[in-house]
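Undergrad: Provided below: final27.pdb, containing PDB, C-alpha atoms.
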ATOM      1  CA  MET S   1      98.902 119.104 114.278
ATOM      2  CA  PRO S   2     101.554 116.371 113.842
ATOM      3  CA  ILE S   3     104.368 116.201 116.334
ATOM      4  CA  GLN S   4     107.434 117.496 114.504
ATOM      5  CA  ASN S   5     110.078 115.976 116.755
ATOM      6  CA  SER S   6     109.338 112.275 116.372
ATOM      7  CA  PRO S   7     112.398 110.202 115.364
ATOM      8  CA  TYR S   8     110.683 109.448 112.049
ATOM      9  CA  GLN S   9     109.974 113.108 111.339
ATOM     10  CA  ALA S  10     113.514 114.071 112.338
ATOM     11  CA  PHE S  11     114.843 111.515 109.855
ATOM     12  CA  VAL S  12     112.488 112.765 107.116
ATOM     13  CA  THR S  13     113.748 116.308 107.704
ATOM     14  CA  LEU S  14     117.387 115.192 107.732
ATOM     15  CA  LEU S  15     117.066 113.158 104.528
ATOM     16  CA  THR S  16     115.001 115.789 102.714
ATOM     17  CA  ALA S  17     117.379 118.597 103.691
ATOM     18  CA  SER S  18     120.242 116.489 102.330
ATOM     19  CA  GLY S  19     118.453 115.902  99.028
ATOM     20  CA  HIS S  20     117.612 112.220  99.590
ATOM     21  CA  SER S  21     114.143 111.051  98.626
ATOM     22  CA  VAL S  22     114.239 107.618 100.299
ATOM     23  CA  SER S  23     111.832 107.120 103.189
ATOM     24  CA  PRO S  24     113.245 106.557 106.688
ATOM     25  CA  ALA S  25     110.880 103.578 106.956
ATOM     26  CA  GLU S  26     112.442 101.930 103.904
ATOM     27  CA  LEU S  27     115.959 102.656 105.180
ATOM     28  CA  HIS S  28     115.183 101.202 108.612
ATOM     29  CA  GLY S  29     113.464  98.177 107.072
ATOM     30  CA  HIS S  30     116.456  97.584 104.813
ATOM     31  CA  LEU S  31     118.856  97.837 107.745
ATOM     32  CA  LEU S  32     116.815  95.400 109.824
ATOM     33  CA  GLY S  33     116.420  93.053 106.861
ATOM     34  CA  ARG S  34     120.151  92.917 106.165
ATOM     35  CA  SER S  35     120.895  92.513 109.883
ATOM     36  CA  CYS S  36     118.382  89.661 110.174
ATOM     37  CA  ALA S  37     119.885  88.007 107.099
ATOM     38  CA  GLY S  38     123.220  87.685 108.846
ATOM     39  CA  ALA S  39     125.019  90.688 107.340
ATOM     40  CA  GLY S  40     126.417  91.526 110.765
ATOM     41  CA  PHE S  41     126.774  94.987 112.222
ATOM     42  CA  ASP S  42     129.796  96.278 110.339
ATOM     43  CA  ALA S  43     129.166  99.984 109.732
ATOM     44  CA  ASP S  44     130.949 100.005 106.348
ATOM     45  CA  GLY S  45     128.723  97.273 104.908
ATOM     46  CA  TRP S  46     125.587  99.064 106.078
ATOM     47  CA  LEU S  47     126.794 102.424 104.764
ATOM     48  CA  ALA S  48     127.569 100.863 101.373
ATOM     49  CA  ASP S  49     124.008  99.472 101.209
ATOM     50  CA  ALA S  50     122.580 102.778 102.423
ATOM     51  CA  ASN S  51     124.531 104.698  99.759
ATOM     52  CA  GLU S  52     122.710 102.688  97.097
ATOM     53  CA  LEU S  53     119.338 103.518  98.641
ATOM     54  CA  LEU S  54     120.314 107.162  99.030
ATOM     55  CA  LEU S  55     121.690 107.216  95.468
ATOM     56  CA  GLY S  56     125.024 108.573  96.577
ATOM     57  CA  GLU S  57     127.429 109.242  99.408
ATOM     58  CA  PRO S  58     125.573 110.872 102.322
ATOM     59  CA  GLN S  59     126.772 113.967 104.129
ATOM     60  CA  ASP S  60     128.347 113.481 107.553
ATOM     61  CA  ASN S  61     125.150 114.270 109.452
ATOM     62  CA  VAL S  62     123.194 111.635 107.484
ATOM     63  CA  ARG S  63     126.096 109.194 107.789
ATOM     64  CA  ASN S  64     126.174 109.677 111.559
ATOM     65  CA  ALA S  65     122.413 109.208 111.775
ATOM     66  CA  LEU S  66     122.702 105.965 109.765
ATOM     67  CA  ILE S  67     125.425 104.673 112.075
ATOM     68  CA  GLY S  68     123.272 105.630 115.079
ATOM     69  CA  LEU S  69     120.341 103.786 113.544
ATOM     70  CA  GLN S  70     122.507 100.699 113.121
ATOM     71  CA  GLU S  71     123.669 100.857 116.744
ATOM     72  CA  MET S  72     120.015 101.007 117.817
ATOM     73  CA  VAL S  73     119.107  97.992 115.652
ATOM     74  CA  LYS S  74     122.102  96.031 116.919
ATOM     75  CA  GLY S  75     121.044  96.771 120.497
ATOM     76  CA  GLU S  76     117.468  95.661 119.832
ATOM     77  CA  LEU S  77     118.377  92.463 118.013
ATOM     78  CA  THR S  78     120.987  91.381 120.530
ATOM     79  CA  SER S  79     119.148  92.312 123.743
ATOM     80  CA  ASP S  80     116.745  90.094 125.646
ATOM     81  CA  ASP S  81     113.822  92.506 125.234
ATOM     82  CA  MET S  82     112.480  90.673 122.176
ATOM     83  CA  THR S  83     111.048  93.809 120.645
ATOM     84  CA  VAL S  84     112.048  96.089 117.803
ATOM     85  CA  VAL S  85     111.081  99.748 117.538
ATOM     86  CA  LEU S  86     109.968 100.514 113.988
ATOM     87  CA  LEU S  87     110.956 103.822 112.442
ATOM     88  CA  LEU S  88     107.490 104.875 111.299
ATOM     89  CA  PRO S  89     105.304 108.000 111.471
ATOM     90  CA  THR S  90     103.570 108.662 114.789
ATOM     91  CA  ASP S  91      99.904 107.855 115.378
ATOM     92  CA  ASP S  92      99.113 111.559 114.829
ATOM     93  CA  GLU S  93      99.754 111.133 111.114
ATOM     94  CA  PRO S  94      96.872 110.064 108.839
ATOM     95  CA  LEU S  95      96.466 106.289 108.614
ATOM     96  CA  THR S  96      97.093 106.353 104.858
ATOM     97  CA  GLU S  97     100.530 107.924 105.394
ATOM     98  CA  ARG S  98     101.365 105.436 108.147
ATOM     99  CA  ALA S  99     100.216 102.545 105.948
ATOM    100  CA  ILE S 100     102.398 103.728 103.050
ATOM    101  CA  ALA S 101     105.393 103.974 105.399
ATOM    102  CA  LEU S 102     104.602 100.481 106.702
ATOM    103  CA  GLY S 103     104.639  99.179 103.125
ATOM    104  CA  GLN S 104     107.953 100.952 102.477
ATOM    105  CA  TRP S 105     109.380  99.440 105.665
ATOM    106  CA  CYS S 106     108.382  95.935 104.540
ATOM    107  CA  GLN S 107     109.795  96.473 101.053
ATOM    108  CA  GLY S 108     113.037  97.733 102.577
ATOM    109  CA  PHE S 109     113.197  94.741 104.903
ATOM    110  CA  LEU S 110     112.621  92.265 102.087
ATOM    111  CA  SER S 111     115.271  93.843  99.861
ATOM    112  CA  GLY S 112     117.778  94.072 102.726
ATOM    113  CA  PHE S 113     117.130  90.462 103.673
ATOM    114  CA  GLY S 114     117.135  89.219 100.085
ATOM    115  CA  LEU S 115     120.401  90.932  99.171
ATOM    116  CA  ASN S 116     122.225  89.544 102.194
ATOM    117  CA  TYR S 117     120.787  86.112 102.941
ATOM    118  CA  ARG S 118     123.061  83.444 101.483
ATOM    119  CA  ASP S 119     121.785  80.199 102.972
ATOM    120  CA  ASN S 120     118.561  78.985 101.355
ATOM    121  CA  ALA S 121     117.562  76.696 104.208
ATOM    122  CA  LEU S 122     114.859  78.747 105.927
ATOM    123  CA  SER S 123     112.301  77.048 108.134
ATOM    124  CA  SER S 124     108.698  77.093 106.956
ATOM    125  CA  GLU S 125     107.946  79.543 109.773
ATOM    126  CA  ALA S 126     110.649  81.932 108.530
ATOM    127  CA  LYS S 127     109.437  81.625 104.926
ATOM    128  CA  GLU S 128     105.937  82.423 106.153
ATOM    129  CA  VAL S 129     107.226  85.577 107.858
ATOM    130  CA  LEU S 130     108.825  86.724 104.590
ATOM    131  CA  GLN S 131     105.589  85.984 102.707
ATOM    132  CA  ASP S 132     103.669  87.966 105.327
ATOM    133  CA  LEU S 133     106.031  90.899 104.868
ATOM    134  CA  ALA S 134     105.544  90.729 101.103
ATOM    135  CA  ALA S 135     101.770  90.752 101.617
ATOM    136  CA  ILE S 136     101.957  93.655 104.073
ATOM    137  CA  ALA S 137     104.079  95.618 101.605
ATOM    138  CA  GLN S 138     101.146  95.467  99.172
ATOM    139  CA  VAL S 139      98.406  96.379 101.659
ATOM    140  CA  GLN S 140      98.962 100.108 101.992
ATOM    141  CA  ASP S 141      95.923 101.092  99.929
ATOM    142  CA  ALA S 142      93.598  98.691 101.743
ATOM    143  CA  LEU S 143      93.691 100.439 105.130
ATOM    144  CA  GLU S 144      90.968 103.019 105.517
ATOM    145  CA  GLU S 145      90.652 105.825 108.046
ATOM    146  CA  SER S 146      88.388 103.984 110.463
ATOM    147  CA  GLU S 147      88.520 102.210 113.765
ATOM    148  CA  ASP S 148      88.930  98.889 111.962
ATOM    149  CA  GLY S 149      91.730 100.339 109.869
ATOM    150  CA  GLU S 150      93.486 101.560 113.026
ATOM    151  CA  THR S 151      93.065  98.144 114.646
ATOM    152  CA  ASP S 152      94.460  96.379 111.577
ATOM    153  CA  TYR S 153      97.394  98.787 111.481
ATOM    154  CA  MET S 154      98.168  98.199 115.165
ATOM    155  CA  GLU S 155      98.006  94.413 114.751
ATOM    156  CA  VAL S 156     100.418  94.583 111.814
ATOM    157  CA  MET S 157     102.751  96.834 113.839
ATOM    158  CA  GLU S 158     102.759  94.355 116.726
ATOM    159  CA  TYR S 159     103.566  91.540 114.323
ATOM    160  CA  LEU S 160     106.415  93.513 112.744
ATOM    161  CA  ARG S 161     107.938  94.187 116.153
ATOM    162  CA  VAL S 162     108.589  90.457 116.635
ATOM    163  CA  ALA S 163     108.859  89.062 113.071
ATOM    164  CA  PRO S 164     112.430  90.338 112.527
ATOM    165  CA  LEU S 165     113.536  88.683 115.765
ATOM    166  CA  LEU S 166     112.341  85.300 114.549
ATOM    167  CA  LEU S 167     114.370  85.675 111.358
ATOM    168  CA  PHE S 168     117.406  87.041 113.209
ATOM    169  CA  THR S 169     117.344  84.139 115.660
ATOM    170  CA  GLU S 170     116.999  81.608 112.858
ATOM    171  CA  THR S 171     119.752  82.984 110.631
ATOM    172  CA  LYS S 172     122.039  83.354 113.640
ATOM    173  CA  LYS S 173     121.623  79.625 114.315
ATOM    174  CA  THR S 174     122.773  78.768 110.808
ATOM    175  CA  VAL S 175     125.723  81.184 110.973
ATOM    176  CA  GLU S 176     127.127  80.238 114.386
ATOM    177  CA  PRO S 177     128.417  76.716 113.646
ATOM    178  CA  ALA S 178     130.434  78.009 110.680
ATOM    179  CA  ALA S 179     132.169  80.541 112.925
ATOM    180  CA  LYS S 180     133.838  77.926 115.142
ATOM    181  CA  PRO S 181     137.531  77.381 114.408
ATOM    182  CA  SER S 182     138.347  74.010 112.910
ATOM    183  CA  LEU S 183     140.481  71.644 114.946
ATOM    184  CA  HIS S 184     142.995  70.415 112.379
TER     185      HIS S 184
END
For the file at hand, write its structure as structure tokens.

TA:
Amino acid sequence: MPIQNSPYQAFVTLLTASGHSVSPAELHGHLLGRSCAGAGFDADGWLADANELLLGEPQDNVRNALIGLQEMVKGELTSDDMTVVLLLPTDDEPLTERAIALGQWCQGFLSGFGLNYRDNALSSEAKEVLQDLAAIAQVQDALEESEDGETDYMEVMEYLRVAPLLLFTETKKTVEPAAKPSLH
């Protein structure tokens, strides 16, 4: 029986109870994507983006959860740990469900990044990461319930734990020089 108290499941319950049909994976991906694109960690900007995904103004409990999610992402991206925790179903869930959530996470990341990234000068490595995410977003039907499928899923998860950091580091480099005050 699936564990009901995983962060992912708690978010599913919260969103469903509030009448929102968006997946927590897509929301988290979108948040990470926009953060990696240089959108910053301003709660109002994130909530405005989230409102579009949720198709309306969330209730306070959902709003608070979204702000908490952003605080977590900010902590992960700005710490020295170099790892991101993905908001996805636990390993107890069927592989097909986890693969669908993985695809939703990637789609969310790509839309969050695409809507917020203003500078078109990405390195070839960063472009490759975005292409990988686009490919992963399409792969959900290809993973089968098998040991190989599990292995593939785990490898993709490991990749996705570090891929956002590469993009965040790169976009931060391009943003920082512009932030310095001019000496006129």

Undergrad: Can you build me a table of region 27-92 of chain S residues sitting at most 8 Å from region 101-120 of chain S, with the closest atom pair per residue and its distance in Å to one decimal, using only C-alpha atoms, sorted by chain and residue number, as a Markdown table?

TA:
| residue | atom | partner | partner_atom | distance |
| --- | --- | --- | --- | --- |
| S:Leu27 | CA | S:Gly108 | CA | 6.3 |
| S:His28 | CA | S:Trp105 | CA | 6.7 |
| S:Gly29 | CA | S:Phe109 | CA | 4.1 |
| S:His30 | CA | S:Gly108 | CA | 4.1 |
| S:Leu31 | CA | S:Gly112 | CA | 6.4 |
| S:Leu32 | CA | S:Phe109 | CA | 6.1 |
| S:Gly33 | CA | S:Phe109 | CA | 4.1 |
| S:Arg34 | CA | S:Gly112 | CA | 4.3 |
| S:Ser35 | CA | S:Phe113 | CA | 7.5 |
| S:Cys36 | CA | S:Phe113 | CA | 6.7 |
| S:Ala37 | CA | S:Tyr117 | CA | 4.7 |
| S:Gly38 | CA | S:Tyr117 | CA | 6.6 |
| S:Ala39 | CA | S:Asn116 | CA | 6.0 |
| S:Leu88 | CA | S:Ala101 | CA | 6.3 |
| S:Pro89 | CA | S:Ala101 | CA | 7.3 |

Undergrad: For Leu143 (chain S), which residue out of S:Ile100, S:Leu47, S:Leu166, S:Leu160 is the nearest one, using only C-alpha atoms?

TA: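 Among the listed residues, S:Ile100 lies closest to Leu143 (chain S).
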
Undergrad: Between S:Asp49, S:Glu93, S:Glu170, S:Glu150, which is the closest to Tyr8 (chain S) once you count only C-alpha atoms?

TA: S:Glu93

Undergrad: Counting only C-alpha atoms, which residues have an atom no more than 8 Å from (111.5, 90.3, 119.7) in the file's coordinates? Please list them as a VMD selection string.

TA: chain S and resid 77 80 to 84 161 to 166

Undergrad: Provide the CA of Ile67 (chain S) to CA of Asp44 (chain S) distance in Å, to one decimal place.

TA: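 Computed distance, CA of Ile67 (chain S) to CA of Asp44 (chain S), equals 9.2 Å.
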
Undergrad: I need the residue set behind the PyMOL selection byres ((chain S and resi 90) around 12) for this file; please write it as a PyMOL selection string.

TA: chain S and resi 1-10+25+85-89+91-95+97-99+101-102+154+157

Undergrad: State, in Å with one decimal place, the distance from CA of Thr151 (chain S) to CA of Ser123 (chain S).

TA: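 Those two atoms sit 29.3 Å apart.
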
Undergrad: For Val62 (chain S), which of S:Ser146, S:Gln131, S:Gln138, S:Thr13 is the closest residue, counting all atoms listed in the file?

TA: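 Among S:Ser146, S:Gln131, S:Gln138, S:Thr13, it is S:Thr13 that comes nearest to Val62 (chain S).
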
Undergrad: Between CA of Gly68 (chain S) and CA of Lys172 (chain S), what is the distance, to one decimal in Å?

TA: 22.4 Å

Undergrad: Of the candidates S:Trp46, S:Ile136, S:Lys127, S:Leu122, which shows the shortest atom-to-atom distance to Leu69 (chain S), using all atoms listed in the file?

TA: S:Trp46

Undergrad: Which one of S:Val22, S:Ala126, S:Leu55, S:Val12 sits closest to Phe168 (chain S) if you count all atoms listed in the file?

TA: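 Using all atoms listed in the file, the shortest distance to Phe168 (chain S) belongs to S:Ala126.
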
Undergrad: Given the choices S:Gln70, S:Asn61, S:Ser21, S:Thr78, which gets closest to Gly45 (chain S) if the distance is worked out from all atoms listed in the file?

TA: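 Going through S:Gln70, S:Asn61, S:Ser21, S:Thr78 one by one, the smallest distance to Gly45 (chain S) is for S:Gln70.
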
Undergrad: What lies within 12 Å of Glu57 (chain S) using all atoms listed in the file, ignoring chain neighbours under 3 positions off, as an MDAnalysis selection string?

TA: chainID S and resid 18:20 47:54 60:63 66
